[in-house]
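The structure appears below as structure tokens.
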Amino acid sequence: MVTNIQKGYPKEVKIKREMRIKEALNFERGTKERPKEHIIGEVNNNKIYFLKPGKEFFRERNRNINDMTPYVGKLYENYSFRNIWKDMLNLSVRISIESYKQLNVLLYRLAYLMDCTIVNEKVRYEPKGEVLETIKNIQNEIDKKVYDFKVLEFLNFIDILSWNEDVKYQSDCSFKKEKVGRINTILSLISIPLIFKQFVDEIIENKDSLEQLDYSLLIDVAQNFSRARGVHPISNKKLIEYLSPYLSE
């Protein structure tokens, strides 16, 4: 499974994001005690759905009136970026480097809705063919390690999590900063574990001469987080460097 890096802002991506934003803005809003459920689909007997409104609707400051809470069954309750990064790093030492790269490319494809299709005027995540086969192969490798991680469920959760980010920050569909929302969210989910893994690999490589360690990787992450309000997508060049040959020019 080889994926080409996305350059510019493809029209198809804009259309799919806009369709989803408009769909979610039309979702009925419930109350704090009884939020309204909106079912998106199902994966392996786990319902994929939003509850609206989400917790950011009730903030006193920086309130976000379009916030929703994404769910895939009961698998990801209170599942934060911290949990996502932790799971990705745990996987990096449990599966082959080839499978780990492929998992990250699956996330990259998700950022640009490559495996999302338009069905009955709605955009839904529906990986098929070689992409679905890759997901199954990664899952088989994880299962052999007896590690509790469901790849397809995880990808579906990231899909609707990032959908909610678009609804919150691109509600006018202007896309003046086209990567804000979905794309930057998923690219940051990819970037942070890759950077930390690279740093750990450098520690192992230089274990007998730790003075050779270059801390700039972690310092750059901290600096960029402070500047970019919690997102840190790395460059296309770096992504290709990390994920080659599965991500290419």
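Simple scheme: letters A, B, ... for chains in structure tokens order, numbers from 1 for residues in each chain, numbers from 1 for ligands in the order shown.
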
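Surrounding region 173-182 of chain A within 7 Å are A:Glu18, A:Ala111, A:Ser162, A:Trp163, A:Glu165, A:Asp166, A:Tyr169, A:Ile186, with only C-alpha atoms counted and residues fewer than 4 positions along the same chain left out.
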
Checklist line | Gap from CA of Leu25 (chain A) to CA of Met68 (chain A) - Å, one decimal | finding: 10.2 Å

Give me, as a Markdown table, each residue of region 21-53 of chain A that comes within 7 Å of region 72-75 of chain A, together with its shortest interatomic pair and the distance in Å at one decimal, counting only C-alpha atoms, with rows ordered by chain and rising residue number.
```
| residue | atom | partner | partner_atom | distance |
| --- | --- | --- | --- | --- |
| A:Asn46 | CA | A:Gly73 | CA | 4.6 |
| A:Lys47 | CA | A:Gly73 | CA | 5.0 |
| A:Ile48 | CA | A:Val72 | CA | 4.5 |
| A:Tyr49 | CA | A:Val72 | CA | 6.5 |
```

Margin query: What parts of region 7-245 of chain A does DSSP call alpha helix (DSSP H)? I'd like the answer as a VMD selection string.
Written below: chain A and resid 11 to 25 81 to 92 97 to 111 129 to 144 151 to 169 182 to 205 216 to 228 236 to 243

Next item on the list: Excluding Glu141 (chain A) and any residue of its chain fewer than 3 positions from it, enumerate the residues within 12 Å of it, using only C-alpha atoms, and give them as a PyMOL selection string.
Entry: chain A and resi 91+94-100+103+134-138+144-151

Per DSSP on the backbone, filter region 27-224 of chain A down to the residues in strand (DSSP E or B) and report them as a PDB file with C-alpha atoms, in the first residue's frame.
```
ATOM      1  CA  LYS A  36     -28.845  13.867  21.523  1.00  0.00           C
ATOM      2  CA  GLU A  37     -27.368  10.752  19.927  1.00  0.00           C
ATOM      3  CA  HIS A  38     -26.472  10.767  16.231  1.00  0.00           C
ATOM      4  CA  ILE A  39     -25.434   7.412  14.768  1.00  0.00           C
ATOM      5  CA  ILE A  40     -22.807   7.525  12.022  1.00  0.00           C
ATOM      6  CA  GLY A  41     -22.334   3.815  11.417  1.00  0.00           C
ATOM      7  CA  GLU A  42     -21.061   0.595  12.969  1.00  0.00           C
ATOM      8  CA  VAL A  43     -17.765  -1.277  13.152  1.00  0.00           C
ATOM      9  CA  ASN A  46     -19.655  -1.206  17.930  1.00  0.00           C
ATOM     10  CA  LYS A  47     -21.923   1.738  17.217  1.00  0.00           C
ATOM     11  CA  ILE A  48     -20.160   4.839  15.850  1.00  0.00           C
ATOM     12  CA  TYR A  49     -21.921   7.960  17.064  1.00  0.00           C
ATOM     13  CA  PHE A  50     -21.808  11.507  18.392  1.00  0.00           C
ATOM     14  CA  LEU A  51     -23.485  12.914  21.472  1.00  0.00           C
ATOM     15  CA  LYS A  52     -24.459  16.555  21.037  1.00  0.00           C
ATOM     16  CA  THR A  69     -18.492  13.943  21.844  1.00  0.00           C
ATOM     17  CA  PRO A  70     -17.361  11.102  19.543  1.00  0.00           C
ATOM     18  CA  TYR A  71     -17.883   7.454  20.492  1.00  0.00           C
ATOM     19  CA  VAL A  72     -17.161   4.014  19.068  1.00  0.00           C
ATOM     20  CA  CYS A 116     -14.034   8.126   2.812  1.00  0.00           C
ATOM     21  CA  THR A 117     -16.775   7.699   0.228  1.00  0.00           C
ATOM     22  CA  ILE A 118     -19.955   9.612  -0.477  1.00  0.00           C
ATOM     23  CA  VAL A 119     -22.979   7.390   0.208  1.00  0.00           C
ATOM     24  CA  LYS A 122     -23.127  11.520   3.315  1.00  0.00           C
ATOM     25  CA  VAL A 123     -19.377  11.057   3.685  1.00  0.00           C
ATOM     26  CA  ARG A 124     -18.402   7.869   5.510  1.00  0.00           C
ATOM     27  CA  TYR A 125     -15.142   6.087   6.278  1.00  0.00           C
TER      28      TYR A 125
END
```

Checklist line | Surrounding residues of Ile190 (chain A) excluding itself and chain neighbours under 6 positions, 8 Å, only C-alpha atoms, as a PyMOL selection string | finding: chain A and resi 104+107-108+233

Note to self: Which residues are close to Asn26 (chain A), i.e. within 12 Å by only C-alpha atoms, leaving aside same-chain residues fewer than 6 positions away? Reply as a VMD selection string.
What the structure shows: chain A and resid 19 to 20 38 52 66 167 171

Next item on the list: Tell me, as a ChimeraX atom specification, which residues lie within 7 Å of Pro127 (chain A), counting only C-alpha atoms; anything in the same chain fewer than 3 positions away does not count.
Entry: /A:115,131-132

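For the pair CA of Asp67 (chain A) and CA of Asn45 (chain A), the separation is 25.5 Å.
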
Notebook entry, point to check: When distances are computed from only C-alpha atoms, which of A:Ser188, A:Gln198, A:Thr31, A:Ser80 shows the smallest separation from Pro53 (chain A)?
Noted result: A:Thr31

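Using only C-alpha atoms, the protein and nucleic acid residues lying no more than 12 Å from Lys11 (chain A), apart from those fewer than 3 places from it along its own chain, are Gln6, Lys7, Gly8, Lys14, Ile15, Lys16, Arg17, Glu18, Tyr112, Leu113, Phe175 and Glu178 of chain A.
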
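CA of Asn236 (chain A) to CA of Glu249 (chain A) spans 8.9 Å [interatomic distance, one decimal].
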